[in-house]
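For reference, upload_21.tsv is printed below; it contains TSV, C-alpha atoms.
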chain	number	residue	atom	x	y	z
A	1	MET	CA	14.03	-37.17	-23.69
A	2	SER	CA	16.10	-34.68	-21.78
A	3	THR	CA	17.16	-35.49	-18.28
A	4	SER	CA	20.38	-33.51	-18.26
A	5	PHE	CA	20.18	-30.73	-15.74
A	6	GLU	CA	23.22	-28.81	-16.92
A	7	THR	CA	21.00	-26.15	-18.44
A	8	GLU	CA	19.21	-25.53	-15.17
A	9	GLN	CA	22.48	-25.40	-13.28
A	10	GLU	CA	23.96	-22.92	-15.73
A	11	LEU	CA	20.85	-20.78	-15.64
A	12	ALA	CA	21.06	-20.86	-11.86
A	13	VAL	CA	24.58	-19.49	-12.17
A	14	PHE	CA	23.25	-16.69	-14.32
A	15	ILE	CA	20.62	-15.91	-11.72
A	16	GLY	CA	23.32	-15.97	-9.10
A	17	THR	CA	25.08	-13.14	-10.90
A	18	VAL	CA	22.25	-10.85	-9.88
A	19	GLY	CA	23.15	-11.51	-6.29
A	20	HIS	CA	26.80	-10.83	-7.03
A	21	TYR	CA	25.91	-7.53	-8.66
A	22	PHE	CA	24.08	-6.28	-5.61
A	23	GLN	CA	26.79	-7.59	-3.34
A	24	THR	CA	29.36	-5.69	-5.35
A	25	ILE	CA	27.57	-2.37	-5.13
A	26	GLY	CA	25.97	-2.75	-1.73
A	27	GLY	CA	28.06	-5.21	0.23
A	28	ALA	CA	25.23	-7.65	0.87
A	29	LEU	CA	23.74	-10.47	-1.10
A	30	PRO	CA	19.99	-10.36	-1.64
A	31	ASP	CA	17.78	-12.94	0.00
A	32	PHE	CA	15.81	-14.89	-2.54
A	33	LEU	CA	12.22	-15.29	-1.34
A	34	THR	CA	9.46	-17.75	-2.20
A	35	PRO	CA	9.51	-18.51	-5.92
A	36	THR	CA	6.29	-19.11	-7.80
A	37	LEU	CA	5.21	-20.39	-11.18
A	38	GLU	CA	2.69	-18.06	-12.75
A	39	LEU	CA	0.32	-18.77	-15.62
A	40	GLU	CA	-0.25	-15.07	-16.17
A	41	LEU	CA	2.63	-12.74	-16.84
A	42	PRO	CA	3.40	-11.29	-13.38
A	43	ALA	CA	3.17	-7.57	-12.77
A	44	ARG	CA	6.50	-5.87	-13.17
A	45	LEU	CA	7.98	-3.23	-10.88
A	46	ALA	CA	8.92	0.35	-11.81
A	47	CYS	CA	11.75	-0.49	-14.22
A	48	THR	CA	12.53	-3.82	-15.83
A	49	GLY	CA	15.48	-4.98	-17.87
A	50	TYR	CA	14.54	-7.83	-20.21
A	51	MET	CA	17.35	-10.13	-21.32
A	52	PRO	CA	16.41	-12.30	-24.32
A	53	VAL	CA	18.01	-15.75	-24.35
A	54	SER	CA	18.26	-18.30	-27.13
A	55	GLY	CA	20.12	-21.50	-27.84
A	56	ARG	CA	19.35	-24.35	-25.49
A	57	LEU	CA	16.64	-22.16	-24.01
A	58	ASN	CA	14.43	-19.67	-25.76
A	59	GLY	CA	12.70	-16.83	-24.02
A	60	TRP	CA	13.80	-14.06	-21.73
A	61	ILE	CA	14.98	-13.32	-18.23
A	62	ALA	CA	14.02	-10.05	-16.60
A	63	LEU	CA	15.26	-8.05	-13.65
A	64	SER	CA	12.48	-5.86	-12.30
A	65	LEU	CA	13.19	-3.25	-9.64
A	66	PRO	CA	11.09	-0.76	-7.67
A	67	THR	CA	11.88	2.93	-7.71
A	68	THR	CA	13.09	2.91	-4.13
A	69	LEU	CA	15.63	0.18	-4.77
A	70	ILE	CA	16.82	1.83	-7.97
A	71	ASN	CA	17.31	5.10	-6.14
A	72	ILE	CA	19.35	3.34	-3.46
A	73	VAL	CA	21.62	1.98	-6.16
A	74	LEU	CA	21.85	5.35	-7.88
A	75	LYS	CA	22.83	6.92	-4.58
A	76	LYS	CA	25.49	4.30	-3.98
A	77	LEU	CA	26.85	4.98	-7.45
A	78	GLY	CA	26.97	8.71	-6.74
A	79	GLU	CA	24.42	9.50	-9.41
A	80	PRO	CA	22.61	12.76	-8.49
A	81	GLU	CA	19.70	12.29	-10.89
A	82	ASP	CA	16.83	9.98	-10.06
A	83	ASP	CA	14.27	10.73	-12.77
A	84	GLN	CA	12.64	7.92	-14.71
A	85	ASN	CA	15.08	8.08	-17.61
A	86	THR	CA	17.99	7.74	-15.23
A	87	GLN	CA	16.26	4.85	-13.50
A	88	LEU	CA	15.74	3.10	-16.82
A	89	ASP	CA	19.34	3.75	-17.75
A	90	LEU	CA	20.46	2.15	-14.51
A	91	VAL	CA	18.37	-0.97	-15.07
A	92	ALA	CA	19.75	-1.15	-18.60
A	93	GLU	CA	23.25	-0.84	-17.22
A	94	ILE	CA	22.73	-3.55	-14.62
A	95	THR	CA	21.19	-5.99	-17.09
A	96	GLY	CA	23.86	-5.06	-19.64
A	97	THR	CA	26.51	-6.09	-17.16
A	98	LEU	CA	24.66	-9.32	-16.43
A	99	THR	CA	24.25	-10.23	-20.09
A	100	SER	CA	27.83	-9.37	-20.85
A	101	ASN	CA	29.06	-11.69	-18.14
A	102	ALA	CA	26.65	-14.35	-19.31
A	103	ARG	CA	27.97	-14.18	-22.86
A	104	GLU	CA	31.50	-14.59	-21.58
A	105	HIS	CA	30.49	-17.51	-19.41
A	106	PHE	CA	28.06	-19.48	-21.52
A	107	GLY	CA	29.30	-18.87	-25.04
A	108	GLU	CA	27.25	-20.09	-27.97
A	109	HIS	CA	25.02	-22.62	-26.26
A	110	LEU	CA	23.14	-19.98	-24.31
A	111	LYS	CA	23.04	-16.75	-26.25
A	112	VAL	CA	22.00	-13.70	-24.27
A	113	ALA	CA	21.00	-10.71	-26.36
A	114	PRO	CA	21.44	-7.07	-25.29
A	115	PRO	CA	18.77	-6.12	-22.80
A	116	LEU	CA	15.66	-4.04	-23.27
A	117	ALA	CA	14.63	-1.66	-20.51
A	118	ALA	CA	10.99	-0.78	-19.94
A	119	THR	CA	8.74	0.77	-17.34
A	120	ALA	CA	6.22	-1.29	-15.40
A	121	GLY	CA	3.35	-1.02	-17.83
A	122	ASP	CA	5.39	-1.57	-20.97
A	123	PHE	CA	6.31	-4.89	-22.46
A	124	PRO	CA	8.79	-5.05	-25.34
A	125	ARG	CA	6.97	-6.07	-28.51
A	126	SER	CA	9.88	-8.12	-29.73
A	127	LEU	CA	9.54	-10.54	-26.82
A	128	ALA	CA	7.16	-13.49	-26.75
A	129	MET	CA	4.65	-13.91	-23.98
A	130	PRO	CA	5.57	-17.06	-22.06
A	131	PRO	CA	3.12	-19.90	-21.36
A	132	LEU	CA	4.44	-20.02	-17.81
A	133	THR	CA	6.72	-17.71	-15.84
A	134	LEU	CA	9.03	-18.47	-12.94
A	135	ARG	CA	8.88	-15.53	-10.54
A	136	LEU	CA	11.84	-15.20	-8.19
A	137	PRO	CA	11.40	-12.33	-5.72
A	138	PHE	CA	14.37	-11.17	-3.71
A	139	HIS	CA	14.92	-8.83	-0.80
A	140	TRP	CA	17.79	-6.37	-0.66
A	141	GLN	CA	18.34	-3.24	1.44
A	142	ASP	CA	14.75	-3.26	2.77
A	143	ASP	CA	13.31	-3.49	-0.72
A	144	ASP	CA	12.02	-6.26	-2.93
A	145	GLY	CA	13.02	-6.85	-6.52
A	146	LEU	CA	12.02	-9.52	-8.98
A	147	LEU	CA	13.63	-11.88	-11.38
A	148	LEU	CA	11.36	-13.35	-14.01
A	149	ILE	CA	12.29	-16.41	-16.04
A	150	ALA	CA	10.04	-16.70	-19.09
A	151	LEU	CA	10.87	-19.52	-21.48
A	152	GLN	CA	9.03	-21.09	-24.36
A	153	ARG	CA	8.13	-24.77	-24.48
B	1	MET	CA	-28.55	-35.31	15.16
B	2	LYS	CA	-30.49	-35.21	11.91
B	3	ASN	CA	-29.89	-37.94	9.38
B	4	THR	CA	-31.43	-36.15	6.43
B	5	PRO	CA	-29.07	-34.77	3.80
B	6	ARG	CA	-27.91	-31.25	4.46
B	7	TYR	CA	-26.59	-28.80	1.96
B	8	VAL	CA	-24.33	-25.79	2.14
B	9	ARG	CA	-22.67	-23.33	-0.21
B	10	ARG	CA	-19.40	-24.50	-1.68
B	11	GLU	CA	-16.42	-22.59	-0.35
B	12	ASP	CA	-15.41	-21.59	-3.87
B	13	PHE	CA	-18.86	-20.61	-5.17
B	14	GLU	CA	-17.75	-17.03	-5.86
B	15	ALA	CA	-15.54	-18.23	-8.69
B	16	ARG	CA	-18.58	-19.43	-10.63
B	17	ILE	CA	-21.47	-17.33	-9.45
B	18	ASP	CA	-21.02	-14.58	-12.00
B	19	GLN	CA	-21.21	-17.03	-14.86
B	20	VAL	CA	-24.62	-18.55	-14.09
B	21	GLU	CA	-28.21	-17.42	-14.34
B	22	LEU	CA	-30.81	-19.30	-12.34
B	23	PRO	CA	-34.53	-18.93	-11.53
B	24	VAL	CA	-35.44	-16.72	-8.61
B	25	GLU	CA	-36.55	-19.64	-6.47
B	26	VAL	CA	-33.12	-21.24	-6.86
B	27	TRP	CA	-31.40	-18.08	-5.68
B	28	THR	CA	-33.91	-17.92	-2.84
B	29	VAL	CA	-32.71	-21.32	-1.69
B	30	PHE	CA	-29.08	-20.40	-2.30
B	31	ALA	CA	-29.49	-17.36	-0.06
B	32	GLU	CA	-30.32	-19.70	2.83
B	33	LEU	CA	-27.33	-21.96	2.35
B	34	SER	CA	-24.78	-19.85	4.15
B	35	GLU	CA	-25.25	-22.50	6.83
B	36	PRO	CA	-25.89	-26.23	6.35
B	37	ARG	CA	-29.60	-26.92	6.00
B	38	ASP	CA	-31.80	-29.83	4.99
B	39	ILE	CA	-34.77	-29.71	2.65
B	40	THR	CA	-37.27	-29.32	5.49
B	41	GLU	CA	-35.43	-26.36	6.94
B	42	LEU	CA	-35.16	-24.77	3.52
B	43	ASN	CA	-38.84	-25.37	2.96
B	44	THR	CA	-39.67	-23.60	6.20
B	45	ARG	CA	-37.30	-20.70	5.63
B	46	THR	CA	-38.23	-20.01	2.01
B	47	SER	CA	-41.92	-21.00	2.05
B	48	LEU	CA	-41.25	-22.90	-1.16
B	49	ALA	CA	-42.68	-26.39	-1.69
B	50	CYS	CA	-40.34	-29.21	-0.78
B	51	GLY	CA	-40.25	-30.41	-4.38
B	52	ILE	CA	-39.19	-27.02	-5.62
B	53	VAL	CA	-36.59	-26.75	-2.87
B	54	GLN	CA	-35.20	-30.13	-3.82
B	55	GLN	CA	-35.02	-29.15	-7.49
B	56	ALA	CA	-33.34	-25.87	-6.55
B	57	VAL	CA	-30.77	-27.68	-4.45
B	58	ASP	CA	-30.11	-30.12	-7.28
B	59	GLN	CA	-29.50	-27.22	-9.63
B	60	LEU	CA	-27.16	-25.52	-7.19
B	61	VAL	CA	-25.20	-28.74	-6.76
B	62	THR	CA	-25.03	-29.22	-10.53
B	63	GLN	CA	-23.77	-25.66	-10.94
B	64	GLN	CA	-21.17	-26.35	-8.22
B	65	LEU	CA	-22.54	-23.53	-6.12
B	66	ALA	CA	-23.62	-25.79	-3.28
B	67	ARG	CA	-22.72	-29.25	-2.05
B	68	LYS	CA	-24.12	-31.92	0.15
B	69	LEU	CA	-22.63	-31.57	3.60
B	70	THR	CA	-20.20	-34.31	4.47
B	71	ILE	CA	-18.28	-34.89	7.64
B	72	SER	CA	-15.55	-37.26	8.68
B	73	TRP	CA	-16.25	-40.49	10.49
B	74	ARG	CA	-14.45	-39.14	13.52
B	75	ASP	CA	-16.76	-36.10	13.68
B	76	PHE	CA	-19.80	-38.23	13.03
B	77	ALA	CA	-18.85	-40.63	15.79
B	78	ALA	CA	-18.21	-37.79	18.21
B	79	ILE	CA	-21.57	-36.21	17.51
B	80	LYS	CA	-23.32	-39.53	17.70
B	81	ALA	CA	-21.64	-40.38	20.97
B	82	ALA	CA	-22.77	-37.09	22.43
B	83	THR	CA	-26.38	-37.66	21.46
B	84	THR	CA	-26.91	-41.40	21.88
B	85	ALA	CA	-25.93	-44.40	23.93
B	86	PRO	CA	-22.45	-45.99	23.80
B	87	PHE	CA	-20.94	-45.85	20.35
B	88	PRO	CA	-17.57	-46.79	18.89
B	89	THR	CA	-15.03	-44.14	19.80
B	90	PRO	CA	-12.79	-42.51	17.25
B	91	ALA	CA	-9.88	-44.50	18.63
B	92	ALA	CA	-11.68	-47.72	17.84
B	93	VAL	CA	-11.95	-46.84	14.21
B	94	LYS	CA	-8.68	-45.05	13.71
B	95	ASN	CA	-7.55	-47.50	11.07
B	96	ALA	CA	-10.41	-46.44	8.88
B	97	ILE	CA	-9.37	-42.83	8.86
B	98	VAL	CA	-7.02	-41.44	6.30
B	99	SER	CA	-4.21	-39.52	7.96
B	100	VAL	CA	-1.70	-37.58	5.97
B	101	GLN	CA	1.22	-35.81	7.54
B	102	ALA	CA	3.16	-32.94	6.09
B	103	THR	CA	6.57	-33.89	4.82
B	104	GLU	CA	9.71	-32.10	5.81
B	105	VAL	CA	11.59	-30.04	3.29
B	106	PRO	CA	15.02	-31.44	2.54
B	107	THR	CA	17.98	-29.16	2.81
B	108	ASN	CA	19.52	-28.33	-0.49
B	109	PRO	CA	22.83	-29.95	-1.21
B	110	PRO	CA	25.31	-27.72	-3.02
B	111	LEU	CA	25.80	-28.15	-6.73
B	112	SER	CA	28.12	-31.01	-7.35
B	113	THR	CA	30.19	-29.13	-9.88
B	114	PRO	CA	30.69	-25.45	-9.16
B	115	PRO	CA	30.61	-23.45	-12.36
B	116	LYS	CA	33.75	-21.97	-13.76
B	117	ALA	CA	34.47	-18.40	-12.77
B	118	VAL	CA	35.10	-15.94	-15.54
B	119	ALA	CA	36.60	-12.51	-15.69
B	120	PRO	CA	34.22	-9.58	-15.62
B	121	ALA	CA	33.30	-8.16	-18.95
B	122	PRO	CA	32.64	-4.58	-19.91
B	123	THR	CA	29.11	-3.31	-20.23
B	124	PRO	CA	27.93	-3.88	-23.79
B	125	ALA	CA	25.98	-1.41	-25.82
B	126	VAL	CA	22.38	-1.55	-24.67
B	127	HIS	CA	19.24	0.11	-25.82
B	128	ARG	CA	19.66	2.91	-23.34
B	129	GLN	CA	22.65	4.94	-22.41
B	130	ALA	CA	24.46	3.74	-19.33
B	131	VAL	CA	24.36	5.86	-16.21
B	132	ARG	CA	28.04	5.55	-15.48
B	133	PRO	CA	30.98	5.35	-17.85
B	134	THR	CA	32.59	2.64	-15.70
B	135	PRO	CA	30.33	-0.36	-15.25
B	136	ILE	CA	30.00	-2.35	-12.09
B	137	SER	CA	31.83	-5.61	-12.56
B	138	PHE	CA	31.92	-8.84	-10.69
B	139	ARG	CA	32.81	-12.45	-11.23
B	140	ILE	CA	30.43	-15.27	-11.94
B	141	SER	CA	30.87	-17.95	-9.36
B	142	SER	CA	28.90	-20.65	-7.67
B	143	PRO	CA	25.28	-19.82	-6.92
B	144	ASP	CA	25.91	-21.14	-3.41
B	145	ALA	CA	26.92	-17.64	-2.46
B	146	THR	CA	23.37	-16.47	-2.88
B	147	THR	CA	21.01	-17.12	-0.03
B	148	VAL	CA	18.53	-19.52	-1.53
B	149	ARG	CA	15.86	-21.23	0.48
B	150	PRO	CA	15.07	-24.89	-0.03
B	151	PRO	CA	12.53	-25.85	-2.65
B	152	ALA	CA	9.58	-26.90	-0.64
B	153	ILE	CA	6.26	-26.70	-2.35
B	154	SER	CA	3.04	-24.89	-1.79
B	155	LEU	CA	0.12	-23.84	-3.87
B	156	ARG	CA	-2.00	-20.80	-4.09
B	157	ILE	CA	-4.95	-22.37	-5.74
B	158	ALA	CA	-7.84	-21.02	-7.68
B	159	PRO	CA	-11.15	-22.80	-7.40
B	160	GLY	CA	-11.12	-26.06	-9.25
B	161	GLY	CA	-9.89	-29.56	-8.87
B	162	ILE	CA	-7.82	-29.09	-5.77
B	163	THR	CA	-8.94	-29.77	-2.24
B	164	THR	CA	-7.29	-29.84	1.11
B	165	LEU	CA	-7.33	-32.85	3.33
B	166	ALA	CA	-9.55	-30.94	5.70
B	167	GLN	CA	-12.35	-31.72	3.30
B	168	PRO	CA	-13.53	-35.21	4.08
B	169	ASN	CA	-13.28	-37.89	1.44
B	170	PRO	CA	-14.05	-41.36	2.67
B	171	THR	CA	-12.46	-43.15	-0.29
B	172	PRO	CA	-9.20	-41.46	-1.26
B	173	ALA	CA	-7.44	-43.16	-4.12
B	174	LYS	CA	-3.92	-42.70	-5.35
B	175	THR	CA	-5.09	-41.76	-8.81
B	176	SER	CA	-7.74	-39.29	-7.69
B	177	MET	CA	-6.24	-37.56	-4.69
B	178	TRP	CA	-2.55	-36.95	-4.22
B	179	LYS	CA	-0.11	-34.52	-2.73
B	180	LEU	CA	1.96	-32.36	-5.04
B	181	ARG	CA	4.68	-31.45	-2.62
B	182	PRO	CA	6.69	-34.70	-2.65
B	183	VAL	CA	6.54	-34.69	-6.43
B	184	LEU	CA	8.04	-31.24	-6.65
B	185	ASP	CA	10.60	-32.04	-3.97
B	186	ALA	CA	11.69	-35.04	-6.01
B	187	ILE	CA	11.96	-33.02	-9.20
B	188	GLY	CA	13.85	-30.17	-7.54
B	189	GLY	CA	16.20	-32.59	-5.88
B	190	LYS	CA	17.17	-34.06	-9.23
B	191	ALA	CA	18.88	-30.81	-10.18
B	192	GLY	CA	20.53	-30.43	-6.79
B	193	GLY	CA	17.85	-28.25	-5.22
B	194	GLY	CA	18.11	-24.49	-4.88
B	195	VAL	CA	17.53	-22.31	-7.90
B	196	ALA	CA	18.56	-25.11	-10.27
B	197	GLY	CA	15.92	-27.34	-8.71
B	198	GLN	CA	13.31	-24.62	-9.06
B	199	LEU	CA	14.28	-24.17	-12.70
B	200	LEU	CA	13.87	-27.88	-13.30
B	201	ILE	CA	10.42	-27.78	-11.71
B	202	TYR	CA	9.73	-24.87	-14.03
B	203	ARG	CA	10.89	-26.87	-17.05
B	204	VAL	CA	8.64	-29.79	-16.12
B	205	PHE	CA	5.57	-27.61	-15.58
B	206	LEU	CA	6.34	-25.76	-18.79
B	207	GLN	CA	5.50	-28.97	-20.65
B	208	ILE	CA	1.99	-29.17	-19.22
B	209	PRO	CA	-0.63	-27.57	-21.47
B	210	THR	CA	-1.85	-24.25	-20.17
B	211	GLU	CA	-5.46	-25.35	-20.46
B	212	LEU	CA	-4.78	-28.31	-18.23
B	213	MET	CA	-3.10	-26.13	-15.62
B	214	GLN	CA	-6.10	-23.85	-15.65
B	215	ALA	CA	-8.51	-26.77	-15.42
B	216	ALA	CA	-6.61	-28.07	-12.43
B	217	GLY	CA	-6.86	-24.65	-10.80
B	218	LEU	CA	-3.11	-24.12	-10.82
B	219	HIS	CA	-2.87	-20.45	-11.67
B	220	SER	CA	-0.01	-19.74	-9.34
B	221	LEU	CA	2.27	-22.39	-7.94
B	222	SER	CA	4.42	-21.38	-5.01
B	223	LEU	CA	7.49	-23.42	-4.24
B	224	ILE	CA	7.33	-23.15	-0.44
B	225	ASN	CA	5.19	-24.83	2.23
B	226	ASN	CA	2.13	-26.55	1.02
B	227	ASP	CA	0.10	-29.55	1.93
B	228	PHE	CA	-2.43	-29.32	-0.81
B	229	THR	CA	-3.83	-32.34	-2.53
B	230	VAL	CA	-4.64	-32.39	-6.22
B	231	THR	CA	-7.58	-34.28	-7.63
B	232	HIS	CA	-7.37	-33.63	-11.36
B	233	PRO	CA	-6.50	-36.90	-13.15
B	234	GLU	CA	-5.56	-35.40	-16.53
B	235	PHE	CA	-3.27	-32.93	-14.85
B	236	ARG	CA	-1.66	-35.72	-12.89
B	237	SER	CA	-1.09	-37.72	-16.05
B	238	ALA	CA	0.49	-34.75	-17.81
B	239	LEU	CA	2.70	-34.01	-14.84
B	240	ALA	CA	3.73	-37.65	-14.54
B	241	GLU	CA	4.77	-37.74	-18.17
B	242	ALA	CA	6.66	-34.44	-18.00
B	243	ALA	CA	8.39	-35.42	-14.76
B	244	ARG	CA	9.48	-38.73	-16.24
B	245	LYS	CA	10.62	-37.26	-19.52
B	246	HIS	CA	12.34	-34.10	-18.33
B	247	ALA	CA	13.42	-34.90	-14.78
B	248	ASP	CA	13.64	-38.70	-14.77
B	249	VAL	CA	11.18	-38.80	-11.88
B	250	ASP	CA	8.51	-41.49	-11.70
B	251	ILE	CA	5.83	-39.97	-9.51
B	252	ASP	CA	4.07	-43.31	-9.13
B	253	GLN	CA	7.11	-44.53	-7.23
B	254	LEU	CA	6.98	-41.70	-4.73
B	255	PRO	CA	5.56	-43.00	-1.45
B	256	ALA	CA	3.55	-39.92	-0.56
B	257	ALA	CA	2.26	-39.05	-4.02
If you convert what's in this file into structure tokens, what do you get?
Amino acid sequence: MSTSFETEQELAVFIGTVGHYFQTIGGALPDFLTPTLELELPARLACTGYMPVSGRLNGWIALSLPTTLINIVLKKLGEPEDDQNTQLDLVAEITGTLTSNAREHFGEHLKVAPPLAATAGDFPRSLAMPPLTLRLPFHWQDDDGLLLIALQR
Amino acid sequence: MKNTPRYVRREDFEARIDQVELPVEVWTVFAELSEPRDITELNTRTSLACGIVQQAVDQLVTQQLARKLTISWRDFAAIKAATTAPFPTPAAVKNAIVSVQATEVPTNPPLSTPPKAVAPAPTPAVHRQAVRPTPISFRISSPDATTVRPPAISLRIAPGGITTLAQPNPTPAKTSMWKLRPVLDAIGGKAGGGVAGQLLIYRVFLQIPTELMQAAGLHSLSLINNDFTVTHPEFRSALAEAARKHADVDIDQLPAA
């Protein structure tokens, strides 16, 4: 029996770091929209950074962004290139920052591995398909991104 | 007003129609059921014998492609009153009618214990080269800073064991027809609402076998605004157990569930 909700609260903190990231680079927090639970793995946007987690929870968390939003961030960062490789690099950088902060914050009980970046149609082979996915869309700078929480039972 | 049974296509027939093969005369009857019709009408419209029409209708009902038309007592009384002499008004029988109101979504309280802030860390080596040599950094702080909407519940539902209250059911029972929203509100509230509450709902639903979710028609569960009622007993049992075990919520004690 597990009725301690510390894990959920800590994971919520981790999710909150996404908002802090976008606030840091763009001055505004994203609005989190209607979350859904999905039996099928939801479609991902142009570039997705997958962050494997283990410890109390096993699975992965993904940040999925559309091209338009990625290009906005690239522009804010002063990056002149906006080809797909650069977009993937940016998503890897963002998720790398998130996982790094998570490691500092959570320590051993929630291990967050280095992220894997992939385009919309690709899914990293090393990751398990979840039985159920929590889809958390968010709105930022007139664009919508996605957070996916995909844990194992 | 006719008192003979009338039949109509089920609203969700398209979900099953590609999986069945039926005799031509059955499809002939089905083609006429875009509107409610009784056996006599179907007999006239299809030129099939009444016995064959009845068998066709039975097959369509068995295949869940059609259903016997049912209406609420209030509608029945209104129609009857319009076509006959004095009859009990809906107001006179209001106690016999099931009425279910939507529940309000509670506002999320903040987390009771804000998480500890930590210093920003450098970008670690990742599978792809970083765009910028200097990473963006920020501090982890309370998730309150993020605009998170309250965890109300809604469902986008595939055809299956879920019906809305708009569909009449003269004998609703707690074990066969219940609203999901107060259950999810109770679970989400246990973790303080917000994203943590949504994650706890996720944890609870994660325990329910996929096959059972599919059987209940829950392919996509939205966490905002719904008044749907679930009618799948095995799903309810699995949810009750998971809610009790993982969220310390007894759904049988919830007044609206």
Report task. Find the residues around Thr17 in chain A up to 7 Å (all atoms listed in the file counted), leave out those fewer than 3 positions away in its own chain, and share them as number ranges by chain. Result -> A: 13-14, 20-21, 98; B: 140
Report task. Up to 8 Å from chain B, what residues of chain A turn up? Count only C-alpha atoms and give them as number ranges by chain. Result -> A: 1-5, 8-17, 19-21, 24-25, 29-40, 79, 86, 88-90, 92-94, 96-97, 100-101, 104-105, 114-117, 131-134, 152-153
Report task. Please indicate the distance in Å from CA of Phe13 in chain B to CA of Leu48 in chain B, rounded to one decimal place. Result ->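 These atoms are spaced 22.9 Å apart.
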Requested in this report: Would you work out the distance separating CA of Gly26 in chain A from CA of Ala62 in chain A, expressed in Å to one decimal?
Outcome: 20.4 Å
Query - For CA of Leu180 in chain B and CA of Ile251 in chain B, the interatomic separation in Å (one decimal) - result: 9.6 Å
